[in-house]
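Coordinates as given in start-v8.txt (compact mmCIF, C-alpha atoms):
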```
# COMPACT_ATOMS: atom_id res chain seq x y z
CA MET A 16 -95.86 11.04 -145.17
CA GLN A 17 -98.45 10.67 -142.61
CA GLY A 18 -97.40 10.71 -139.03
CA VAL A 19 -99.20 9.92 -135.96
CA GLY A 20 -97.90 11.28 -132.58
CA VAL A 21 -98.91 9.99 -129.28
CA TYR A 22 -97.74 12.04 -126.25
CA GLY A 23 -97.96 11.35 -122.67
CA ALA A 24 -98.38 14.13 -120.23
CA ALA A 25 -95.22 16.17 -120.41
CA PRO A 26 -93.72 17.42 -117.16
CA ALA A 27 -93.84 21.07 -116.50
CA ALA A 28 -90.56 22.94 -116.60
CA SER A 29 -90.74 23.52 -112.87
CA SER A 30 -91.56 19.95 -112.01
CA ALA A 31 -89.48 18.43 -109.29
CA ALA A 32 -86.86 15.80 -109.92
CA ASN A 33 -87.98 12.22 -110.51
CA SER A 34 -90.92 13.26 -112.87
CA THR A 35 -91.27 11.21 -116.13
CA GLY A 36 -92.86 12.11 -119.55
CA LEU A 37 -93.65 9.85 -122.60
CA MET A 38 -94.20 10.85 -126.28
CA ALA A 39 -94.69 8.58 -129.31
CA ALA A 40 -94.61 9.66 -133.01
CA VAL A 41 -94.79 7.93 -136.34
CA ALA A 42 -92.42 9.26 -138.92
CA THR A 43 -89.89 8.22 -141.46
CA GLY A 44 -86.18 8.18 -140.87
CA LEU A 45 -84.38 7.97 -137.57
CA ALA A 46 -83.68 10.81 -135.26
CA LEU A 47 -82.23 10.74 -131.75
CA ILE A 48 -83.01 13.70 -129.72
CA VAL A 49 -81.70 14.18 -126.21
CA ILE A 50 -83.34 16.94 -124.27
CA GLY A 51 -82.29 17.78 -120.66
CA THR A 52 -84.66 19.58 -118.43
CA GLY A 53 -83.34 20.84 -115.14
CA LEU A 54 -81.53 18.01 -113.52
CA GLY A 55 -83.57 15.56 -115.75
CA LEU A 56 -82.49 13.82 -118.93
CA GLY A 57 -84.72 13.64 -122.16
CA LEU A 58 -84.31 10.80 -124.62
CA GLY A 59 -85.87 10.95 -128.11
CA ILE A 60 -85.78 8.18 -130.72
CA GLY A 61 -87.01 8.81 -134.25
CA LEU A 62 -87.70 5.95 -136.74
CA HIS A 63 -87.96 6.85 -140.41
CA SER A 64 -89.26 4.91 -143.45
CA ASP A 65 -92.60 3.86 -144.11
CA ASP A 66 -92.71 1.93 -140.98
CA ARG A 67 -94.38 3.27 -138.09
CA ASN A 68 -92.15 5.41 -136.12
CA LEU A 69 -92.25 5.47 -132.42
CA THR A 70 -90.61 8.33 -130.72
CA LEU A 71 -90.13 7.64 -127.03
CA ILE A 72 -89.21 10.54 -124.92
CA THR A 73 -88.54 9.92 -121.32
CA THR A 74 -86.95 11.91 -118.52
CA THR A 75 -85.05 10.84 -115.47
CA THR A 76 -83.56 12.73 -112.63
CA LEU A 77 -79.91 12.54 -111.56
CA SER A 78 -79.39 12.94 -107.86
CA THR A 79 -76.01 14.27 -106.72
CA SER A 80 -75.02 13.94 -103.10
CA SER A 81 -72.06 15.83 -101.59
CA THR A 82 -70.84 15.61 -97.97
CA THR A 83 -68.63 18.34 -96.50
CA THR A 84 -66.93 17.82 -93.09
CA ILE A 85 -66.01 20.92 -91.08
CA GLU A 86 -63.71 20.40 -88.07
CA ILE A 87 -64.18 22.88 -85.22
CA SER A 88 -61.41 23.09 -82.57
CA THR A 89 -62.50 24.27 -79.14
CA THR A 90 -60.00 25.26 -76.37
CA THR A 91 -61.25 25.10 -72.79
CA THR A 92 -59.33 27.08 -70.10
CA THR A 93 -59.83 26.15 -66.41
CA THR A 94 -58.87 28.72 -63.74
CA THR A 95 -58.36 27.57 -60.12
CA THR A 96 -58.70 30.18 -57.40
CA THR A 97 -57.19 29.43 -53.92
CA THR A 98 -58.75 31.18 -50.97
CA THR A 99 -56.75 31.38 -47.70
CA THR A 100 -58.73 31.73 -44.52
CA THR A 101 -56.96 32.84 -41.34
CA VAL A 102 -58.52 31.67 -38.09
CA THR A 103 -57.36 33.38 -34.93
CA VAL A 104 -57.85 31.39 -31.73
CA THR A 105 -57.71 33.40 -28.56
CA THR A 106 -56.94 31.51 -25.35
CA ALA A 107 -58.14 33.14 -22.19
CA THR A 108 -55.50 33.72 -19.52
CA VAL A 109 -56.50 33.12 -15.93
CA SER A 110 -54.64 34.67 -13.00
CA SER A 111 -54.68 32.99 -9.58
CA VAL A 112 -53.17 34.78 -6.58
CA TYR A 113 -51.75 33.50 -3.30
CA GLU A 114 -50.89 35.75 -0.34
CA GLY A 115 -48.18 34.53 2.02
CA SER A 116 -45.66 35.74 4.56
CA LEU A 117 -42.36 34.63 6.03
CA SER A 118 -42.18 35.20 9.79
CA SER A 119 -40.06 34.42 12.81
CA ILE A 120 -41.92 31.13 13.23
CA SER A 121 -41.49 30.05 9.60
CA SER A 122 -39.62 26.84 8.94
CA ILE A 123 -35.88 27.06 8.31
CA TYR A 124 -33.70 24.91 6.05
CA GLY A 125 -30.34 24.98 4.32
CA GLY A 126 -31.56 26.21 0.98
CA VAL A 127 -31.54 24.27 -2.25
CA ASN A 128 -27.78 23.75 -1.98
CA GLN A 129 -27.90 22.78 1.71
CA SER A 130 -25.52 25.47 2.92
CA THR A 131 -24.91 25.92 6.64
CA THR A 132 -26.95 29.10 6.95
CA ASN A 133 -30.60 29.56 7.84
CA PHE A 134 -33.23 30.30 5.21
CA THR A 135 -36.86 30.79 6.13
CA TYR A 136 -39.30 29.24 3.69
CA GLU A 137 -42.95 28.50 3.06
CA THR A 138 -44.42 25.46 1.32
CA ILE A 139 -47.54 25.80 -0.84
CA GLN A 140 -49.57 23.08 -2.49
CA VAL A 141 -50.30 23.84 -6.17
CA ILE A 142 -53.04 22.18 -8.25
CA ALA A 143 -53.91 23.29 -11.81
CA SER A 144 -57.35 22.74 -13.36
CA THR A 145 -56.09 21.95 -16.89
CA ASN A 146 -53.03 20.47 -18.55
CA ASP A 147 -50.85 23.31 -19.81
CA THR A 148 -47.97 25.67 -19.13
CA TYR A 149 -48.20 28.06 -16.18
CA ILE A 150 -46.07 30.97 -15.02
CA PHE A 151 -45.48 31.67 -11.32
CA THR A 152 -44.37 35.17 -10.38
CA SER A 153 -43.66 36.65 -6.96
CA THR A 154 -44.33 40.22 -5.88
CA SER A 155 -43.48 41.98 -2.65
CA GLY A 156 -43.30 45.46 -1.26
CA SER A 157 -40.17 44.64 0.72
CA ASN A 158 -36.54 44.68 -0.37
CA LEU A 159 -36.22 40.91 -0.01
CA LYS A 160 -35.01 38.88 -2.97
CA PHE A 161 -37.33 35.90 -3.35
CA PHE A 162 -36.50 32.49 -4.78
CA GLY A 163 -39.02 29.95 -6.07
CA TYR A 164 -38.71 26.16 -6.35
CA LEU A 165 -41.38 23.85 -7.77
CA TYR A 166 -41.48 20.17 -6.79
CA ASN A 167 -43.37 17.23 -8.19
CA ASN A 168 -45.64 15.79 -5.47
CA SER A 169 -43.41 16.32 -2.41
CA PHE A 170 -40.61 18.41 -0.91
CA LEU A 171 -37.89 17.03 1.36
CA PRO A 172 -36.24 19.84 3.39
CA ALA A 173 -33.24 17.63 4.12
CA SER A 174 -32.89 16.74 0.41
CA PRO A 175 -34.03 19.84 -1.51
CA GLN A 176 -32.82 18.62 -4.92
CA THR A 177 -35.14 15.62 -4.84
CA HIS A 178 -38.30 15.98 -7.00
CA LEU A 179 -37.25 19.50 -8.09
CA ILE A 180 -38.72 20.27 -11.55
CA ALA A 181 -38.43 24.07 -11.91
CA ARG A 182 -36.58 26.87 -10.17
CA ASP A 183 -35.73 30.54 -10.37
CA ASP A 184 -33.01 31.67 -8.02
CA SER A 185 -30.62 33.35 -10.43
CA THR A 186 -32.55 36.17 -12.11
CA THR A 187 -30.37 39.25 -12.01
CA GLY A 188 -31.72 42.76 -11.68
CA SER A 189 -34.94 41.63 -10.04
CA LEU A 190 -35.99 40.91 -6.49
CA GLN A 191 -38.76 38.56 -7.65
CA PHE A 192 -38.76 35.08 -9.13
CA ASN A 193 -40.48 34.07 -12.36
CA LEU A 194 -40.61 30.39 -13.16
CA THR A 195 -42.46 28.44 -15.86
CA SER A 196 -43.56 24.81 -15.79
CA THR A 197 -45.97 22.48 -17.60
CA LEU A 198 -48.46 21.06 -15.11
CA GLN A 199 -50.83 18.11 -15.29
CA ALA A 200 -54.42 18.74 -14.34
CA LEU A 201 -55.46 17.85 -10.79
CA THR A 202 -51.91 16.76 -9.93
CA GLU A 203 -50.28 17.87 -6.68
CA TYR A 204 -47.14 20.02 -6.77
CA VAL A 205 -45.30 21.87 -4.00
CA LEU A 206 -44.04 25.43 -4.46
CA VAL A 207 -41.33 26.47 -2.00
CA VAL A 208 -40.86 30.20 -1.49
CA THR A 209 -37.70 31.40 0.25
CA THR A 210 -35.30 34.32 0.08
CA ALA A 211 -31.68 35.07 -0.63
CA ASN A 212 -31.46 36.81 2.74
CA LEU A 213 -30.83 34.73 5.82
CA THR A 214 -33.74 34.29 8.20
CA SER A 215 -35.58 37.14 6.48
CA THR A 216 -39.23 37.87 7.09
CA GLY A 217 -41.88 39.74 5.17
CA PRO A 218 -45.09 39.39 3.10
CA PHE A 219 -45.25 38.24 -0.52
CA ASN A 220 -47.77 37.38 -3.23
CA ILE A 221 -47.62 34.63 -5.84
CA THR A 222 -49.51 35.01 -9.13
CA ALA A 223 -50.02 31.99 -11.37
CA THR A 224 -51.09 32.69 -14.97
CA GLY A 225 -52.23 30.14 -17.52
CA PRO A 226 -55.31 28.79 -19.32
CA GLY A 227 -56.78 27.30 -16.15
CA THR A 228 -57.15 28.16 -12.51
CA VAL A 229 -54.50 27.26 -9.94
CA THR A 230 -55.50 26.37 -6.41
CA PHE A 231 -53.00 27.31 -3.70
CA THR A 232 -53.00 25.74 -0.23
CA ARG A 233 -50.45 26.52 2.45
CA ARG A 234 -48.80 23.37 3.83
CA SER A 235 -47.15 22.98 7.21
CA THR A 236 -43.79 21.29 7.54
CA THR A 237 -44.02 18.52 10.10
CA SER A 238 -40.92 17.76 12.13
CA GLN A 239 -39.53 15.33 14.64
CA THR A 240 -36.65 15.37 17.07
CA ALA A 241 -34.34 12.46 17.90
CA SER A 242 -31.98 12.50 20.86
CA TYR A 243 -28.61 10.75 21.10
CA GLY A 244 -26.41 10.12 24.12
CA THR A 245 -27.18 10.78 27.80
CA VAL A 246 -26.44 13.26 30.56
CA SER A 247 -26.46 10.57 33.25
CA THR A 248 -23.12 10.51 35.03
CA ASN A 249 -21.34 8.83 37.88
CA GLY A 250 -19.66 12.10 38.82
CA THR A 251 -16.19 11.22 37.51
CA ASP A 252 -14.44 13.31 34.90
CA ALA A 253 -14.44 11.87 31.43
CA ALA A 254 -13.59 14.94 29.37
CA ILE A 255 -11.59 17.91 30.53
CA SER A 256 -10.54 21.25 29.05
CA ASN A 257 -8.77 21.17 25.68
CA THR A 258 -10.36 17.86 24.73
CA ALA A 259 -12.68 16.76 21.93
CA ALA A 260 -14.87 13.74 22.77
CA VAL A 261 -17.13 11.64 20.56
CA ASN A 262 -19.52 9.07 21.95
CA LEU A 263 -19.56 5.84 19.98
CA ASN A 264 -21.84 2.85 20.20
CA ASP A 265 -25.00 3.44 22.22
CA VAL A 266 -25.78 -0.06 23.47
CA VAL A 267 -29.19 0.98 24.77
CA ARG A 268 -30.36 2.62 21.56
CA ASP A 269 -28.24 0.29 19.41
CA VAL A 270 -26.99 3.30 17.49
CA ASP A 271 -23.47 4.18 16.47
CA GLY A 272 -23.48 7.74 15.25
CA THR A 273 -26.56 9.54 13.96
CA SER A 274 -29.38 7.58 12.33
CA THR A 275 -31.42 10.52 11.01
CA THR A 276 -30.85 13.46 8.68
CA GLY A 277 -31.60 16.94 9.93
CA TYR A 278 -30.02 19.65 12.07
CA VAL A 279 -28.58 19.63 15.55
CA ASN A 280 -30.91 21.96 17.44
CA GLN A 281 -29.98 21.31 21.07
CA ALA A 282 -27.05 20.10 23.13
CA SER A 283 -26.99 19.16 26.80
CA MET A 284 -24.05 18.15 28.99
CA SER A 285 -23.42 17.33 32.64
CA PHE A 286 -20.50 19.25 34.16
CA VAL A 287 -18.37 17.90 36.98
CA THR A 288 -16.23 21.04 36.85
CA ALA A 289 -18.21 24.18 36.05
CA PRO A 290 -17.25 26.15 32.97
CA THR A 291 -16.20 29.79 33.23
CA ALA A 292 -19.13 32.11 32.70
CA SER A 293 -18.88 34.56 29.82
CA THR A 294 -15.46 33.31 28.72
CA GLY A 295 -15.62 29.53 28.63
CA LEU A 296 -15.11 27.89 25.22
CA ILE A 297 -17.49 25.06 24.39
CA TYR A 298 -18.00 23.64 20.86
CA ILE A 299 -20.39 21.24 19.19
CA ILE A 300 -18.73 19.38 16.31
CA VAL A 301 -20.14 17.30 13.42
CA LEU A 302 -17.65 14.68 12.19
CA ASN A 303 -17.24 11.99 9.56
CA ARG A 304 -15.70 8.70 10.59
CA THR A 305 -13.39 6.74 8.32
CA GLY A 306 -14.83 3.23 8.24
CA SER A 307 -14.52 1.45 11.57
CA THR A 308 -11.29 3.20 12.45
CA PHE A 309 -10.93 5.99 14.99
CA VAL A 310 -10.06 8.58 12.37
CA PHE A 311 -12.54 11.45 12.55
CA THR A 312 -12.76 14.48 10.24
CA PRO A 313 -14.60 17.61 11.38
CA ILE A 314 -17.29 18.82 8.96
CA SER A 315 -18.74 21.80 10.84
CA THR A 316 -18.29 23.42 14.24
CA TYR A 317 -20.59 25.64 16.27
CA GLN A 318 -19.37 27.59 19.30
CA ILE A 319 -21.83 27.96 22.16
CA PRO A 320 -22.25 31.71 22.78
CA THR A 321 -20.33 32.56 25.95
CA SER A 322 -23.32 34.57 27.13
CA ASN A 323 -25.27 31.33 27.40
CA ILE A 324 -22.76 29.63 29.66
CA THR A 325 -23.20 29.67 33.42
CA ALA A 326 -20.60 28.85 36.04
CA THR A 327 -22.49 25.91 37.53
CA THR A 328 -22.03 22.18 37.68
CA GLY A 329 -24.65 19.71 36.65
CA VAL A 330 -26.66 19.77 33.42
CA GLN A 331 -26.64 22.77 31.11
CA THR A 332 -28.67 22.83 27.90
CA TYR A 333 -27.94 25.07 24.92
CA ALA A 334 -30.23 25.80 22.00
CA ILE A 335 -28.56 25.73 18.60
CA PRO A 336 -30.12 27.61 15.69
CA ARG A 337 -31.52 25.19 13.17
CA ASN A 338 -29.36 24.59 10.15
CA GLN A 339 -26.19 25.78 11.83
CA LEU A 340 -25.14 22.15 12.20
CA PRO A 341 -26.63 19.98 9.42
CA VAL A 342 -26.12 16.28 9.99
CA ILE A 343 -26.85 13.23 7.88
CA THR A 344 -27.26 9.57 8.71
CA GLY A 345 -23.97 7.98 9.67
CA GLN A 346 -22.24 11.11 10.89
CA TYR A 347 -21.14 11.72 14.49
CA VAL A 348 -21.67 14.69 16.80
CA GLY A 349 -19.08 15.42 19.49
CA VAL A 350 -18.30 18.07 22.09
CA GLY A 351 -15.17 20.15 22.43
CA LEU A 352 -14.05 21.82 25.66
CA GLY A 353 -11.61 24.69 25.22
CA THR A 354 -10.12 27.05 27.74
CA GLY A 355 -12.56 27.61 30.62
CA GLY A 356 -14.84 24.90 29.26
CA GLY A 357 -14.96 22.90 32.52
CA SER A 358 -15.09 19.11 32.52
CA LEU A 359 -17.82 16.57 31.79
CA GLY A 360 -18.77 13.47 33.76
CA MET A 361 -18.50 9.86 32.69
CA THR A 362 -21.39 7.65 31.66
CA PRO A 363 -20.97 3.86 31.71
CA ARG A 364 -23.64 3.37 29.10
CA LEU A 365 -21.39 4.54 26.23
CA THR A 366 -17.88 4.25 24.94
CA ALA A 367 -16.08 7.24 23.52
CA ALA A 368 -13.15 8.44 21.45
CA THR A 369 -11.19 11.48 22.59
CA LEU A 370 -8.56 13.82 21.18
CA ALA A 371 -6.40 16.45 22.85
CA VAL A 372 -6.93 19.80 21.09
CA THR A 373 -5.08 23.06 21.63
CA ASN A 374 -6.91 25.13 19.05
CA PHE A 375 -10.41 24.24 17.88
CA ALA A 376 -10.22 26.81 15.09
CA THR A 377 -7.68 24.58 13.33
CA LEU A 378 -9.25 21.24 14.17
CA ALA A 379 -8.46 18.74 11.41
CA ALA A 380 -8.78 15.04 10.67
CA ALA A 381 -7.06 12.98 13.32
CA THR A 382 -6.95 9.59 14.98
CA TYR A 383 -8.83 9.64 18.29
CA THR A 384 -8.12 7.46 21.30
CA ASN A 385 -10.71 4.84 22.13
CA VAL A 386 -11.81 4.93 25.77
CA SER A 387 -14.13 2.51 27.51
CA ILE A 388 -16.27 5.12 29.24
CA GLY A 389 -18.56 7.55 27.47
CA VAL A 390 -19.10 11.27 28.07
CA ALA A 391 -22.20 12.76 29.71
CA PHE A 392 -23.24 14.54 26.50
CA GLN A 393 -26.55 14.48 24.68
CA TYR A 394 -27.71 16.19 21.47
CA SER A 395 -30.99 16.38 19.57
CA VAL A 396 -31.47 16.31 15.80
CA PHE A 397 -34.37 18.22 14.33
CA SER A 398 -35.63 16.42 11.28
CA ALA A 399 -38.16 17.91 8.90
CA ALA A 400 -40.48 15.36 7.40
CA ALA A 401 -41.53 15.38 3.75
CA VAL A 402 -44.07 17.98 2.69
CA VAL A 403 -46.51 16.13 0.47
CA GLY A 404 -48.61 18.15 -1.93
```

For the structure just supplied, provide its representation as structure tokens.
Amino acid sequence: MQGVGVYGAAPAASSAANSTGLMAAVATGLALIVIGTGLGLGLGIGLHSDDRNLTLITTTTLSTSSTTTIEISTTTTTTTTTTTTTVTVTTATVSSVYEGSLSSISSIYGGVNQSTTNFTYETIQVIASTNDTYIFTSTSGSNLKFFGYLYNNSFLPASPQTHLIARDDSTTGSLQFNLTSTLQALTEYVLVVTTANLTSTGPFNITATGPGTVTFTRRSTTSQTASYGTVSTNGTDAAISNTAAVNLNDVVRDVDGTSTTGYVNQASMSFVTAPTASTGLIYIIVLNRTGSTFVFTPISTYQIPTSNITATTGVQTYAIPRNQLPVITGQYVGVGLGTGGGSLGMTPRLTAATLAVTNFATLAAATYTNVSIGVAFQYSVFSAAAVVG
């Protein structure tokens, strides 16, 4: 048998995938030959007999694709750090100092509770530069116990509880006061400095501490005096020894009783019969009246020192220490003549009410007798005006 083979270029063994080869042969019989090269596939077909045989060898490449998924888990940790910053604010403290002194010419009042004793005092205007809390402290080299009272805008000596905003008069174990108050900037306040000792005198300092400056200015207490009654007389007795007499309606002044608040600081009377020097008993009495009746109740009594009494007729005038006889609007002031007190003249200008008294030390509420003629008796009321910051 004669065979003819026709071959195409065969791929090399190391040829890459997708290469193709072709071979043809003439032979007898049939043979199928499959040859795989690498990832390729060889196909052989043999045809036998006398016919021409064509052997076709071809190669193809199989492509295999594989996908692998890998999951990666990642954990993220967040750390928060808190930083605390401490800021310290330092506020400067300013000290302001006032130097004062209580003396024999200082003003006198009844104290914050309006007692019947004399307390010297000084009024000081206070103005702070900033809004804040301030401390006022007194110092003194004396043995006086000082009290401090702070008022908003003004101080009324006859009404010492009015406008009061801070006080220190009860600190035990210390002779000095220490009071604290919140002040408004550039606002006027009044600081009253007094003592626990009656009519005491001596120097003192006031120190104000706070975030701003405090301006101190000493203020004077203005005063006025009002007089009631008259010493004019027709020379006839109107009040005799062992009698209390109260003048009523003053038709000239159109006043019944006292129309001001203050202190009786002077009393004058016109004697028809002279009192007994050094032993005569003369009293000045402050009374309340019950409505329009003639019932009078004594509130306070002051005895004229016998050393001040002279055995003369006519007008005698006696000074009364301020605050010994406080009086308010609507009250009455009368005169009492005890043993050796002489007698007082009449005055037609007034009417009066009188009462027979045997012992002025036990004088009590009583109904007085209305008489048509007044008593030659005059008194003056010292009234302190408001101290405005």

- Rank nothing, just name the residue among A:Phe309, A:Phe392, A:Phe375, A:Phe192 nearest to Asn220 of chain A, using all atoms listed in the file.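 For Asn220 of chain A, the nearest of the given residues is A:Phe192.
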
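Our summary of the geometry notes that atom CA of Tyr166 of chain A is positioned 16.2 Å from atom CA of Gln129 of chain A.
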
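Shortest separation to Val330 of chain A among A:Gly250, A:Gly115, A:Pro363, A:Gly351 occurs at residue A:Gly250, atoms counted being all atoms listed in the file.
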
- Message: Taking 3 positions as the minimum chain separation for residues in the same chain, which residues sit within 7 Å of Ser242 of chain A when counting all atoms listed in the file? Answer as a list in words.
- Response: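 Listed by chain and then number, they are Gln393, Tyr394, Ser395 and Val396 of chain A.
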
Padded axis-aligned box of segment 105-115 of chain A (4 Å per side), centre and edge lengths, Å, one decimal, as lines of an AutoDock Vina configuration file:
```
center_x = -53.2
center_y = 33.6
center_z = -13.3
size_x = 18.0
size_y = 12.2
size_z = 38.6
```

Protein/DNA/RNA residues near (-18.4, 22.2, 18.2), cut 9 Å, all atoms listed in the file, as a PDB file with C-alpha atoms, in the coordinates of the input:
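Contents of part17.pdb, freshly written:
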```
ATOM      1  CA  ALA A 259     -12.680  16.760  21.930  1.00  0.00           C
ATOM      2  CA  ILE A 297     -17.490  25.060  24.390  1.00  0.00           C
ATOM      3  CA  TYR A 298     -18.000  23.640  20.860  1.00  0.00           C
ATOM      4  CA  ILE A 299     -20.390  21.240  19.190  1.00  0.00           C
ATOM      5  CA  ILE A 300     -18.730  19.380  16.310  1.00  0.00           C
ATOM      6  CA  VAL A 301     -20.140  17.300  13.420  1.00  0.00           C
ATOM      7  CA  SER A 315     -18.740  21.800  10.840  1.00  0.00           C
ATOM      8  CA  THR A 316     -18.290  23.420  14.240  1.00  0.00           C
ATOM      9  CA  TYR A 317     -20.590  25.640  16.270  1.00  0.00           C
ATOM     10  CA  GLN A 318     -19.370  27.590  19.300  1.00  0.00           C
ATOM     11  CA  ILE A 319     -21.830  27.960  22.160  1.00  0.00           C
ATOM     12  CA  VAL A 348     -21.670  14.690  16.800  1.00  0.00           C
ATOM     13  CA  GLY A 349     -19.080  15.420  19.490  1.00  0.00           C
ATOM     14  CA  VAL A 350     -18.300  18.070  22.090  1.00  0.00           C
ATOM     15  CA  GLY A 351     -15.170  20.150  22.430  1.00  0.00           C
ATOM     16  CA  LEU A 352     -14.050  21.820  25.660  1.00  0.00           C
ATOM     17  CA  PHE A 375     -10.410  24.240  17.880  1.00  0.00           C
TER      18      PHE A 375
END
```

- Query: How far is it from atom CA of Asn323 of chain A to atom CA of Ser293 of chain A, in Å with one decimal?
  - Reply: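 Atom CA of Ser293 of chain A lies at a distance of 7.6 Å from atom CA of Asn323 of chain A.
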
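Residues with any atom within 10 Å of Gly244 of chain A, counting all atoms listed in the file and excluding same-chain neighbours fewer than 4 positions away, are Asn262, Leu263, Asn264, Asp265, Val267, Arg268, Val270, Gly272, Ser283, Met284, Val348, Thr362, Arg364, Leu365, Gly389, Val390, Ala391, Phe392, Gln393, Tyr394 and Ser395 of chain A.
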
- Task: Please check which residues have atoms at most 9 Å from (-15.2, 21.1, 39.6) in the file's coordinates, counting all atoms listed in the file, and write them as a list in words.
- Result: Phe286, Val287, Thr288, Ala289, Pro290, Thr327, Thr328, Gly357 and Ser358 of chain A

Output of the above residues as a compact mmCIF listing (two decimals), in the coordinates of the input, restricted to C-alpha atoms:
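Okay, this is what ended up in selection.txt:
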```txt
# COMPACT_ATOMS: atom_id res chain seq x y z
CA PHE A 286 -20.50 19.25 34.16
CA VAL A 287 -18.37 17.90 36.98
CA THR A 288 -16.23 21.04 36.85
CA ALA A 289 -18.21 24.18 36.05
CA PRO A 290 -17.25 26.15 32.97
CA THR A 327 -22.49 25.91 37.53
CA THR A 328 -22.03 22.18 37.68
CA GLY A 357 -14.96 22.90 32.52
CA SER A 358 -15.09 19.11 32.52
```

- Which residue, A:Thr344, A:Asn128, A:Thr291, A:Asn146, has the smallest gap to Thr177 of chain A when you use only C-alpha atoms?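 Answer, going by the shortest atom-to-atom distance: A:Asn128.
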
Interface rows for segment 130-200 of chain A against segment 225-236 of chain A: nearest pair, Å to one decimal, 8 Å, only C-alpha atoms, as a Markdown table:
```
| residue | atom | partner | partner_atom | distance |
| --- | --- | --- | --- | --- |
| A:Glu137 | CA | A:Arg233 | CA | 7.8 |
| A:Thr138 | CA | A:Arg234 | CA | 5.5 |
| A:Ile139 | CA | A:Arg233 | CA | 4.5 |
| A:Gln140 | CA | A:Thr232 | CA | 4.9 |
| A:Val141 | CA | A:Phe231 | CA | 5.0 |
| A:Ile142 | CA | A:Thr230 | CA | 5.2 |
| A:Ala143 | CA | A:Val229 | CA | 4.4 |
| A:Ser144 | CA | A:Gly227 | CA | 5.4 |
| A:Thr145 | CA | A:Gly227 | CA | 5.4 |
| A:Asp147 | CA | A:Pro226 | CA | 7.1 |
| A:Thr148 | CA | A:Gly225 | CA | 6.4 |
| A:Tyr149 | CA | A:Gly225 | CA | 4.7 |
| A:Ile150 | CA | A:Gly225 | CA | 6.7 |
```

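Pairwise distance (atom CA of Gly329 of chain A, atom CA of Thr369 of chain A) equals 21.1 Å.
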